[in-house]
>>> print(open('run-v2.cif').read())   # mmCIF, C-alpha atoms and all ligand atoms
data_entry
#
loop_
_atom_site.label_atom_id
_atom_site.label_comp_id
_atom_site.auth_asym_id
_atom_site.auth_seq_id
_atom_site.Cartn_x
_atom_site.Cartn_y
_atom_site.Cartn_z
CA MET A 1 105.16 65.70 67.04
CA LEU A 2 107.33 64.02 69.69
CA LYS A 3 106.81 64.24 73.42
CA LEU A 4 108.74 62.79 76.30
CA SER A 5 106.54 62.52 79.32
CA ASN A 6 108.11 61.95 82.71
CA VAL A 7 110.72 59.56 81.31
CA SER A 8 113.19 57.99 83.73
CA ILE A 9 115.89 55.41 83.27
CA ALA A 10 118.81 54.36 85.45
CA TYR A 11 121.57 51.81 85.06
CA ASN A 12 122.48 50.37 88.46
CA ASP A 13 122.74 53.55 90.54
CA LYS A 14 123.52 55.86 87.57
CA VAL A 15 120.46 57.98 86.79
CA VAL A 16 120.58 58.75 83.06
CA MET A 17 117.12 60.25 82.51
CA ASP A 18 115.31 61.65 85.53
CA SER A 19 111.59 62.42 84.97
CA LEU A 20 112.37 64.14 81.66
CA ASP A 21 109.71 66.08 79.80
CA LEU A 22 110.17 67.46 76.32
CA THR A 23 107.97 68.63 73.48
CA ALA A 24 109.51 68.81 70.02
CA ASN A 25 107.88 69.87 66.77
CA LYS A 26 108.17 69.63 63.01
CA GLY A 27 110.59 72.15 61.51
CA GLU A 28 113.01 71.97 64.44
CA ILE A 29 116.59 70.86 64.73
CA ILE A 30 117.27 70.13 68.38
CA GLY A 31 120.88 69.85 69.45
CA LEU A 32 121.82 67.67 72.40
CA ALA A 33 125.02 68.61 74.21
CA ALA A 34 126.68 66.73 77.05
CA PRO A 35 129.97 65.04 77.81
CA ASN A 36 130.61 61.37 77.01
CA GLY A 37 128.57 58.96 79.06
CA THR A 38 125.84 61.44 80.06
CA GLY A 39 122.91 59.82 78.28
CA LYS A 40 122.47 61.22 74.76
CA THR A 41 122.47 57.79 73.12
CA THR A 42 120.24 56.39 75.84
CA MET A 43 117.72 59.17 75.20
CA PHE A 44 117.67 58.33 71.48
CA ASN A 45 117.37 54.65 72.30
CA VAL A 46 114.36 55.37 74.49
CA MET A 47 112.79 57.56 71.78
CA ALA A 48 113.23 54.73 69.29
CA ASN A 49 112.12 52.06 71.79
CA PHE A 50 115.43 50.21 71.52
CA VAL A 51 115.56 50.58 75.30
CA LYS A 52 112.51 50.59 77.60
CA PRO A 53 112.48 53.39 80.17
CA ASP A 54 111.92 52.49 83.82
CA SER A 55 108.93 54.85 83.76
CA GLY A 56 107.29 57.44 81.54
CA HIS A 57 106.30 57.45 77.87
CA VAL A 58 107.31 58.74 74.47
CA PHE A 59 104.38 60.04 72.45
CA PHE A 60 104.23 60.71 68.73
CA ASP A 61 101.64 62.99 67.17
CA GLY A 62 99.88 63.21 70.50
CA LYS A 63 98.58 59.64 70.52
CA TYR A 64 101.02 56.96 69.41
CA THR A 65 103.38 55.42 71.90
CA TYR A 66 104.99 52.00 72.10
CA ARG A 67 101.97 50.16 73.49
CA ASN A 68 102.04 47.27 71.00
CA GLU A 69 103.69 46.04 67.81
CA LYS A 70 101.24 47.88 65.58
CA GLU A 71 102.03 51.21 67.21
CA GLU A 72 105.75 50.50 67.11
CA LEU A 73 105.54 49.77 63.40
CA HIS A 74 103.58 52.96 62.83
CA ILE A 75 106.20 55.01 64.67
CA HIS A 76 109.15 53.27 63.05
CA ARG A 77 107.78 54.07 59.60
CA ARG A 78 108.24 57.71 60.52
CA LEU A 79 111.45 57.59 62.54
CA ALA A 80 114.99 56.70 61.50
CA THR A 81 118.11 56.56 63.63
CA PHE A 82 121.58 57.37 62.38
CA PRO A 83 123.37 54.16 61.38
CA GLU A 84 126.60 53.27 63.10
CA GLN A 85 129.65 52.75 60.90
CA LYS A 86 130.15 49.29 62.37
CA ASP A 87 126.74 48.28 61.03
CA LEU A 88 127.65 48.98 57.39
CA PHE A 89 128.07 45.94 55.15
CA GLU A 90 131.67 45.83 53.93
CA GLU A 91 130.83 43.89 50.78
CA LEU A 92 127.96 46.14 49.66
CA SER A 93 128.38 49.47 47.87
CA GLY A 94 127.28 52.87 49.13
CA VAL A 95 124.42 52.94 46.61
CA ASP A 96 123.25 49.53 47.86
CA HIS A 97 123.06 50.95 51.40
CA MET A 98 121.19 54.03 50.28
CA LYS A 99 118.72 51.95 48.28
CA LEU A 100 118.19 49.72 51.30
CA TYR A 101 117.18 52.69 53.45
CA ALA A 102 115.19 54.30 50.63
CA ASN A 103 113.19 51.13 50.05
CA MET A 104 112.70 50.41 53.72
CA TRP A 105 111.22 53.83 54.59
CA LYS A 106 110.23 55.66 51.45
CA GLY A 107 109.28 52.77 49.18
CA SER A 108 111.14 54.37 46.28
CA THR A 109 114.75 54.98 45.23
CA LYS A 110 114.07 57.78 42.76
CA HIS A 111 115.65 60.42 44.98
CA VAL A 112 118.93 58.52 45.54
CA PRO A 113 120.86 60.02 42.56
CA SER A 114 120.13 63.58 43.71
CA ILE A 115 121.44 62.74 47.21
CA ILE A 116 124.64 61.30 45.74
CA GLU A 117 125.10 64.53 43.82
CA ARG A 118 124.27 66.75 46.81
CA LEU A 119 126.80 64.93 49.00
CA HIS A 120 129.48 64.73 46.27
CA MET A 121 129.69 60.97 46.55
CA GLY A 122 129.64 60.15 42.83
CA HIS A 123 133.31 59.16 42.66
CA TYR A 124 133.08 56.43 45.29
CA VAL A 125 129.50 55.46 45.94
CA LYS A 126 129.53 52.44 43.60
CA ARG A 127 132.59 50.94 45.27
CA LYS A 128 132.33 48.42 48.10
CA VAL A 129 132.26 49.93 51.58
CA ARG A 130 135.41 48.06 52.61
CA THR A 131 137.41 50.48 50.42
CA TYR A 132 136.01 53.61 52.16
CA SER A 133 137.82 55.95 54.54
CA LEU A 134 136.25 56.94 57.88
CA GLY A 135 134.91 60.19 56.43
CA MET A 136 133.48 58.45 53.35
CA ARG A 137 131.66 55.98 55.60
CA GLN A 138 130.27 58.79 57.73
CA ARG A 139 128.99 60.66 54.68
CA LEU A 140 127.36 57.41 53.56
CA CYS A 141 125.60 57.08 56.94
CA PHE A 142 124.21 60.57 56.46
CA ALA A 143 123.24 59.76 52.86
CA MET A 144 121.30 56.75 54.17
CA MET A 145 119.30 59.04 56.47
CA MET A 146 118.57 61.34 53.53
CA ALA A 147 117.49 58.28 51.54
CA ALA A 148 115.15 57.20 54.37
CA ASP A 149 113.72 60.75 54.37
CA THR A 150 111.62 60.13 57.50
CA PRO A 151 109.75 62.94 59.28
CA ILE A 152 111.69 62.22 62.49
CA MET A 153 115.44 61.70 62.51
CA LEU A 154 117.66 60.87 65.48
CA MET A 155 121.23 61.67 64.57
CA ASP A 156 123.86 60.54 67.06
CA GLU A 157 127.41 61.79 66.46
CA VAL A 158 126.57 62.81 62.92
CA MET A 159 129.79 64.78 62.33
CA ASN A 160 132.18 62.11 63.68
CA GLY A 161 135.37 61.84 61.64
CA LEU A 162 134.36 64.47 59.06
CA ASP A 163 136.79 67.15 57.86
CA VAL A 164 135.89 70.84 57.95
CA GLU A 165 134.53 70.87 54.41
CA ASN A 166 132.25 67.90 55.02
CA VAL A 167 131.04 69.26 58.36
CA ALA A 168 129.98 72.40 56.45
CA LEU A 169 128.31 70.32 53.73
CA ILE A 170 126.32 68.15 56.16
CA SER A 171 125.36 71.24 58.21
CA LYS A 172 123.95 72.84 55.06
CA CYS A 173 122.02 69.69 54.19
CA LEU A 174 120.56 69.55 57.71
CA MET A 175 119.29 73.11 57.32
CA GLU A 176 117.79 72.30 53.92
CA MET A 177 116.07 69.17 55.26
CA LYS A 178 114.59 70.52 58.45
CA GLN A 179 111.55 72.31 57.09
CA HIS A 180 109.27 69.27 57.19
CA LYS A 181 111.11 67.25 59.76
CA LEU A 182 112.02 67.00 63.39
CA ILE A 183 115.73 66.35 63.66
CA PHE A 184 117.69 65.62 66.84
CA VAL A 185 121.46 65.95 66.65
CA ALA A 186 123.78 64.82 69.43
CA SER A 187 127.16 66.34 68.80
CA HIS A 188 130.41 67.31 70.46
CA LEU A 189 131.02 69.99 67.79
CA LEU A 190 129.43 72.73 69.85
CA GLU A 191 130.10 75.75 67.63
CA ASN A 192 128.72 73.77 64.73
CA LEU A 193 125.44 73.24 66.63
CA ASP A 194 125.06 77.04 66.88
CA LEU A 195 124.95 77.09 63.08
CA TYR A 196 121.89 74.98 62.47
CA ALA A 197 120.14 74.07 65.73
CA ASP A 198 116.96 75.89 66.71
CA ARG A 199 117.67 75.01 70.31
CA VAL A 200 120.28 73.09 72.21
CA LEU A 201 119.46 71.01 75.27
CA PHE A 202 122.10 70.41 77.91
CA LEU A 203 121.71 67.11 79.73
CA LYS A 204 123.23 66.64 83.17
CA ASP A 205 122.48 64.17 85.96
CA GLY A 206 119.40 63.00 84.08
CA LYS A 207 117.88 66.49 83.68
CA PHE A 208 117.88 69.19 81.03
CA VAL A 209 119.81 71.80 82.97
CA HIS A 210 119.54 74.40 80.22
CA GLU A 211 117.77 75.00 76.95
CA GLN A 212 119.50 77.43 74.65
CA LYS A 213 117.28 79.03 72.03
CA PHE A 214 118.48 80.92 69.00
CA THR A 215 115.51 83.20 68.62
CA GLY A 216 117.07 86.53 69.59
CA GLU A 217 115.37 86.53 72.99
CA ASN A 218 118.52 85.48 74.77
CA GLU A 219 120.01 87.46 77.61
CA ILE A 220 122.78 89.86 76.51
CA PHE A 221 126.03 89.82 78.50
CA LEU A 222 129.15 91.86 78.74
CA LYS A 223 131.83 89.15 78.56
CA LEU A 224 135.49 89.36 79.51
CA ASP A 225 138.28 87.04 80.60
CA VAL A 226 139.43 87.61 84.17
CA THR A 227 141.56 85.53 86.51
CA ALA A 228 140.11 84.04 89.69
CA GLU A 229 141.96 86.69 91.76
CA GLN A 230 140.60 89.47 89.58
CA PHE A 231 137.11 88.08 89.97
CA GLU A 232 137.50 88.07 93.75
CA SER A 233 138.55 91.73 93.75
CA ILE A 234 135.74 92.70 91.32
CA LYS A 235 133.24 91.06 93.68
CA ALA A 236 134.73 92.88 96.68
CA GLU A 237 134.81 96.23 94.92
CA LEU A 238 131.54 96.25 92.98
CA ASP A 239 128.00 95.14 93.47
CA LEU A 240 127.74 92.79 90.48
CA PRO A 241 124.19 92.59 89.08
CA ALA A 242 122.02 89.55 89.77
CA GLY A 243 122.48 86.87 87.14
CA HIS A 244 126.19 87.45 86.65
CA MET A 245 128.27 84.35 86.01
CA TYR A 246 131.88 83.35 86.33
CA ILE A 247 132.30 80.46 83.93
CA ALA A 248 135.03 77.82 83.97
CA ASN A 249 137.32 79.94 86.10
CA TYR A 250 138.00 82.49 83.35
CA LEU A 251 134.92 84.14 81.85
CA LEU A 252 132.98 86.87 83.66
CA CYS A 253 129.54 87.48 82.18
CA ILE A 254 127.55 90.51 83.34
CA PRO A 255 123.92 90.68 82.19
CA ILE A 256 123.42 94.13 80.67
CA GLY A 257 120.35 93.59 78.46
CA GLY A 258 117.89 95.28 80.82
CA MET A 259 120.19 98.22 81.71
CA SER A 260 120.07 101.79 80.44
CA LYS A 261 122.78 102.87 77.99
CA SER A 262 124.56 104.88 80.69
CA GLU A 263 124.54 101.93 83.09
CA GLN A 264 125.94 99.68 80.37
CA THR A 265 128.70 102.22 79.66
CA LYS A 266 129.46 102.41 83.38
CA TRP A 267 130.00 98.64 83.58
CA MET A 268 132.15 98.64 80.46
CA SER A 269 134.42 101.41 81.74
CA GLN A 270 134.65 99.73 85.18
CA MET A 271 135.78 96.51 83.52
CA LEU A 272 138.41 98.20 81.32
CA LYS A 273 141.00 98.03 84.06
CA TYR A 274 140.67 94.24 84.23
CA ASN A 275 140.62 93.46 80.52
CA LYS A 276 140.35 95.80 77.54
CA GLU A 277 139.13 93.00 75.30
CA MET A 278 135.48 92.43 76.02
CA THR A 279 132.54 91.34 73.92
CA ILE A 280 128.81 91.93 74.14
CA GLY A 281 126.26 89.30 73.16
CA PRO A 282 124.39 86.21 74.23
CA LEU A 283 126.27 83.17 75.50
CA GLY A 284 127.09 80.59 72.82
CA THR A 285 126.79 76.83 73.11
CA VAL A 286 130.48 76.54 74.02
CA GLU A 287 130.09 78.99 76.90
CA TYR A 288 127.00 77.27 78.29
CA TYR A 289 128.77 73.95 77.94
CA GLU A 290 131.68 75.27 79.99
CA LYS A 291 129.25 76.69 82.52
CA TYR A 292 127.60 73.34 83.14
CA TYR A 293 130.42 70.87 82.61
CA ALA A 294 133.74 72.65 83.15
CA LYS A 295 134.12 71.25 86.67
CA SER A 296 133.61 67.68 85.51
CA VAL A 297 136.25 67.94 82.77
N1 LIG A 301 123.15 48.78 78.65
C1 LIG A 301 123.75 49.49 79.60
N2 LIG A 301 124.06 48.93 80.77
C2 LIG A 301 124.66 49.64 81.76
N3 LIG A 301 124.96 50.94 81.65
C3 LIG A 301 124.67 51.57 80.50
C4 LIG A 301 124.05 50.87 79.40
N4 LIG A 301 123.86 51.76 78.39
C5 LIG A 301 124.36 52.94 78.83
N5 LIG A 301 124.83 52.82 80.08
C6 LIG A 301 125.43 53.91 80.90
O1 LIG A 301 124.57 55.03 80.80
C7 LIG A 301 125.32 56.24 80.75
C8 LIG A 301 124.94 57.02 79.52
O2 LIG A 301 125.42 56.37 78.35
P1 LIG A 301 125.15 56.94 76.89
O3 LIG A 301 125.78 56.01 75.92
O4 LIG A 301 123.69 57.19 76.74
O5 LIG A 301 125.94 58.34 76.94
P2 LIG A 301 126.27 59.38 75.78
O6 LIG A 301 125.94 60.73 76.31
O7 LIG A 301 125.59 58.97 74.51
O8 LIG A 301 127.85 59.23 75.62
P3 LIG A 301 128.81 59.41 74.35
O9 LIG A 301 128.97 60.88 74.12
O10 LIG A 301 130.07 58.77 74.83
O11 LIG A 301 128.20 58.68 73.19
C9 LIG A 301 126.80 55.81 80.79
O12 LIG A 301 127.25 55.92 82.11
C10 LIG A 301 126.77 54.37 80.35
O13 LIG A 301 127.82 53.62 80.94
#
>>> encode(input="run-v2.cif", output="structure tokens", more="lines below")
Ligand SMILES: Nc1ncnc2c1ncn2[C@@H]1O[C@H](COP(=O)(O)OP(=O)(O)OP(=O)(O)O)[C@@H](O)[C@H]1O
Amino acid sequence: MLKLSNVSIAYNDKVVMDSLDLTANKGEIIGLAAPNGTGKTTMFNVMANFVKPDSGHVFFDGKYTYRNEKEELHIHRRLATFPEQKDLFEELSGVDHMKLYANMWKGSTKHVPSIIERLHMGHYVKRKVRTYSLGMRQRLCFAMMMAADTPIMLMDEVMNGLDVENVALISKCLMEMKQHKLIFVASHLLENLDLYADRVLFLKDGKFVHEQKFTGENEIFLKLDVTAEQFESIKAELDLPAGHMYIANYLLCIPIGGMSKSEQTKWMSQMLKYNKEMTIGPLGTVEYYEKYYAKSV
């Protein structure tokens, strides 16, 4: 449905996308995780042709790219980007905004009332935007995307400024919507990404340094907190298995998925003297994030 092929872009000497390839399909929510200033917005801007890459192409449905105005129009009929709060019209109401997006992409506003109900916006949506709080504005931005109802959605900072209840509501809506769509979500709410994303891409120095899938095929680790000194003595004392990690100067992860039960038990009992609280499971988005970015924090 969407393909990045060898896409590169740099600003001065800062490489933001470095020969990136990616294939993304209908029915997927793809999370994008990276610290501020890494290139998430730039990647969306390239996908939407708001910014031209230095090299490479973005393909849609295997054939369309941004070769001319006709192709751009064709793609933009199927792709919407998350509006920024600063682009809302203060003197228009929430419904006006939703109708604008509905008309622009879907050619009908019939579905708008059901979105207002789904997002619990009935009590404010007819008021002018200038009277809205930050969270109300953000929910409106999401409602506009639902009104556009495009097959491809690029959602930058979708959860910004939302309280816990609204983060849960929008997460649920994303899961309900994804069946016939391809949705990209750039977010700093990492645990929240685990909830609804089918995979999370970690962008660093212009490359995807890791792709985390939530399909149950992930490596299983024995995980425990140890200090740097403890880690040094563990390394000196034991032959840690290949693929072990020491993340962000606190978390030791020992891959135990391929081991026999007795070997697993051996590692657990050996670790007991360092920390009795250990967990077994795959690494979550937060842990991978710390693995790749902890040093730059
Ligand atoms: N038009 C531009 N001119 C020069 N540099 C730019 C331009 N746009 C982006 N950059 C630089 O490219 C890098 C990536 O920026 P981008 O906004 O894509 O990051 P981001 O991951 O979306 O960050 P955030 O989480 O803060 O939104 C930054 O170093 C930024 O300063």
>>> residues_near_ligand(input="run-v2.cif", ligand="ligand LIG 301 (chain A)", cutoff="10 Å", atoms="all atoms listed in the file", output="PyMOL selection string")
chain A and resi 9-17+32-46+51+156-157+186-188+203-206
>>> write_last_selection(input="run-v2.cif", atoms="C-alpha atoms", output="PDB file, keeping the file's coordinate frame")
ATOM      1  CA  ILE A   9     115.890  55.410  83.270  1.00  0.00           C
ATOM      2  CA  ALA A  10     118.810  54.360  85.450  1.00  0.00           C
ATOM      3  CA  TYR A  11     121.570  51.810  85.060  1.00  0.00           C
ATOM      4  CA  ASN A  12     122.480  50.370  88.460  1.00  0.00           C
ATOM      5  CA  ASP A  13     122.740  53.550  90.540  1.00  0.00           C
ATOM      6  CA  LYS A  14     123.520  55.860  87.570  1.00  0.00           C
ATOM      7  CA  VAL A  15     120.460  57.980  86.790  1.00  0.00           C
ATOM      8  CA  VAL A  16     120.580  58.750  83.060  1.00  0.00           C
ATOM      9  CA  MET A  17     117.120  60.250  82.510  1.00  0.00           C
ATOM     10  CA  LEU A  32     121.820  67.670  72.400  1.00  0.00           C
ATOM     11  CA  ALA A  33     125.020  68.610  74.210  1.00  0.00           C
ATOM     12  CA  ALA A  34     126.680  66.730  77.050  1.00  0.00           C
ATOM     13  CA  PRO A  35     129.970  65.040  77.810  1.00  0.00           C
ATOM     14  CA  ASN A  36     130.610  61.370  77.010  1.00  0.00           C
ATOM     15  CA  GLY A  37     128.570  58.960  79.060  1.00  0.00           C
ATOM     16  CA  THR A  38     125.840  61.440  80.060  1.00  0.00           C
ATOM     17  CA  GLY A  39     122.910  59.820  78.280  1.00  0.00           C
ATOM     18  CA  LYS A  40     122.470  61.220  74.760  1.00  0.00           C
ATOM     19  CA  THR A  41     122.470  57.790  73.120  1.00  0.00           C
ATOM     20  CA  THR A  42     120.240  56.390  75.840  1.00  0.00           C
ATOM     21  CA  MET A  43     117.720  59.170  75.200  1.00  0.00           C
ATOM     22  CA  PHE A  44     117.670  58.330  71.480  1.00  0.00           C
ATOM     23  CA  ASN A  45     117.370  54.650  72.300  1.00  0.00           C
ATOM     24  CA  VAL A  46     114.360  55.370  74.490  1.00  0.00           C
ATOM     25  CA  VAL A  51     115.560  50.580  75.300  1.00  0.00           C
ATOM     26  CA  ASP A 156     123.860  60.540  67.060  1.00  0.00           C
ATOM     27  CA  GLU A 157     127.410  61.790  66.460  1.00  0.00           C
ATOM     28  CA  ALA A 186     123.780  64.820  69.430  1.00  0.00           C
ATOM     29  CA  SER A 187     127.160  66.340  68.800  1.00  0.00           C
ATOM     30  CA  HIS A 188     130.410  67.310  70.460  1.00  0.00           C
ATOM     31  CA  LEU A 203     121.710  67.110  79.730  1.00  0.00           C
ATOM     32  CA  LYS A 204     123.230  66.640  83.170  1.00  0.00           C
ATOM     33  CA  ASP A 205     122.480  64.170  85.960  1.00  0.00           C
ATOM     34  CA  GLY A 206     119.400  63.000  84.080  1.00  0.00           C
TER      35      GLY A 206
END
>>> closest_residue(input="run-v2.cif", among="A:Leu251, A:Met104, A:Leu182, A:Met98", to="Asn25 in chain A", atoms="only C-alpha atoms")
A:Leu182
>>> closest_residue(input="run-v2.cif", among="A:Ser269, A:Asp61, A:Leu283, A:Met177", to="Glu219 in chain A", atoms="only C-alpha atoms")
A:Leu283
>>> residues_around(input="run-v2.cif", residues="range 140-154 of chain A", least_positions_apart="2", cutoff="6 Å", atoms="all atoms listed in the file", output="list in words")
Arg78, Leu79, Ala80, Thr81, Pro83, Met98, Tyr101, Ala102, Trp105, Lys106, Arg137, Gln138, Lys181, Leu182, Ile183 and Phe184 of chain A
>>> axis_aligned_box(input="run-v2.cif", around="range 155-158 of chain A", padding_each_side="3 Å", output="AutoDock Vina command-line options")
--center_x 124.3 --center_y 61.7 --center_z 65.0 --size_x 12.2 --size_y 8.3 --size_z 10.1
>>> closest_residue(input="run-v2.cif", among="A:Leu169, A:Ile29, A:Val164, A:Leu92", to="Asp198 in chain A", atoms="only C-alpha atoms")
A:Ile29
>>> residues_around(input="run-v2.cif", residues="Thr279 in chain A", least_positions_apart="5", cutoff="8 Å", atoms="only C-alpha atoms", output="list in words")
Leu222, Lys223 and Leu224 of chain A
>>> atom_distance(input="run-v2.cif", atom1="CA of Gly258 in chain A", atom2="CA of Tyr289 in chain A")
24.1 Å
>>> atom_distance(input="run-v2.cif", atom1="CA of Gly27 in chain A", atom2="CA of Glu176 in chain A")
10.5 Å
>>> atom_distance(input="run-v2.cif", atom1="CA of Arg139 in chain A", atom2="CA of Val158 in chain A")
8.9 Å
>>> residues_around(input="run-v2.cif", residues="Leu134 in chain A", least_positions_apart="5", cutoff="9 Å", atoms="all atoms listed in the file", output="ChimeraX atom specification")
/A:85,139,160-162
>>> residues_near_point(input="run-v2.cif", point="(107.5, 50.9, 82.3)", cutoff="12 Å", atoms="only C-alpha atoms", output="list in words")
Asn6, Val7, Ser8, Ile9, Val46, Asn49, Val51, Lys52, Pro53, Asp54, Ser55, Gly56, His57, Val58, Tyr66 and Arg67 of chain A
>>> closest_residue(input="run-v2.cif", among="A:Ala197, A:Leu20, A:Leu2, A:Leu119", to="Val185 in chain A", atoms="only C-alpha atoms")
A:Ala197
>>> build_atoms(input="run-v2.cif", residues="range 14-26 of chain A", atoms="N, CA and C atoms", output="PDB file, keeping the file's coordinate frame")
ATOM      1  N   LYS A  14     123.289  54.676  88.411  1.00  0.00           N
ATOM      2  CA  LYS A  14     123.520  55.860  87.570  1.00  0.00           C
ATOM      3  C   LYS A  14     122.206  56.296  86.926  1.00  0.00           C
ATOM      4  N   VAL A  15     121.699  57.452  87.365  1.00  0.00           N
ATOM      5  CA  VAL A  15     120.460  57.980  86.790  1.00  0.00           C
ATOM      6  C   VAL A  15     120.802  58.683  85.480  1.00  0.00           C
ATOM      7  N   VAL A  16     120.243  58.195  84.382  1.00  0.00           N
ATOM      8  CA  VAL A  16     120.580  58.750  83.060  1.00  0.00           C
ATOM      9  C   VAL A  16     119.486  59.700  82.578  1.00  0.00           C
ATOM     10  N   MET A  17     118.234  59.338  82.799  1.00  0.00           N
ATOM     11  CA  MET A  17     117.120  60.250  82.510  1.00  0.00           C
ATOM     12  C   MET A  17     116.249  60.296  83.760  1.00  0.00           C
ATOM     13  N   ASP A  18     115.988  61.496  84.255  1.00  0.00           N
ATOM     14  CA  ASP A  18     115.310  61.650  85.530  1.00  0.00           C
ATOM     15  C   ASP A  18     114.018  62.468  85.352  1.00  0.00           C
ATOM     16  N   SER A  19     112.905  61.781  85.180  1.00  0.00           N
ATOM     17  CA  SER A  19     111.590  62.420  84.970  1.00  0.00           C
ATOM     18  C   SER A  19     111.652  63.504  83.889  1.00  0.00           C
ATOM     19  N   LEU A  20     112.189  63.141  82.732  1.00  0.00           N
ATOM     20  CA  LEU A  20     112.370  64.140  81.660  1.00  0.00           C
ATOM     21  C   LEU A  20     111.079  64.377  80.898  1.00  0.00           C
ATOM     22  N   ASP A  21     110.813  65.657  80.658  1.00  0.00           N
ATOM     23  CA  ASP A  21     109.710  66.080  79.800  1.00  0.00           C
ATOM     24  C   ASP A  21     110.293  66.872  78.648  1.00  0.00           C
ATOM     25  N   LEU A  22     109.703  66.691  77.478  1.00  0.00           N
ATOM     26  CA  LEU A  22     110.170  67.460  76.320  1.00  0.00           C
ATOM     27  C   LEU A  22     109.098  67.440  75.241  1.00  0.00           C
ATOM     28  N   THR A  23     108.864  68.582  74.631  1.00  0.00           N
ATOM     29  CA  THR A  23     107.970  68.630  73.480  1.00  0.00           C
ATOM     30  C   THR A  23     108.766  69.154  72.297  1.00  0.00           C
ATOM     31  N   ALA A  24     108.730  68.427  71.197  1.00  0.00           N
ATOM     32  CA  ALA A  24     109.510  68.810  70.020  1.00  0.00           C
ATOM     33  C   ALA A  24     108.612  68.770  68.785  1.00  0.00           C
ATOM     34  N   ASN A  25     108.806  69.730  67.900  1.00  0.00           N
ATOM     35  CA  ASN A  25     107.880  69.870  66.770  1.00  0.00           C
ATOM     36  C   ASN A  25     108.548  69.835  65.406  1.00  0.00           C
ATOM     37  N   LYS A  26     107.713  69.621  64.391  1.00  0.00           N
ATOM     38  CA  LYS A  26     108.170  69.630  63.010  1.00  0.00           C
ATOM     39  C   LYS A  26     108.844  70.964  62.692  1.00  0.00           C
TER      40      LYS A  26
END
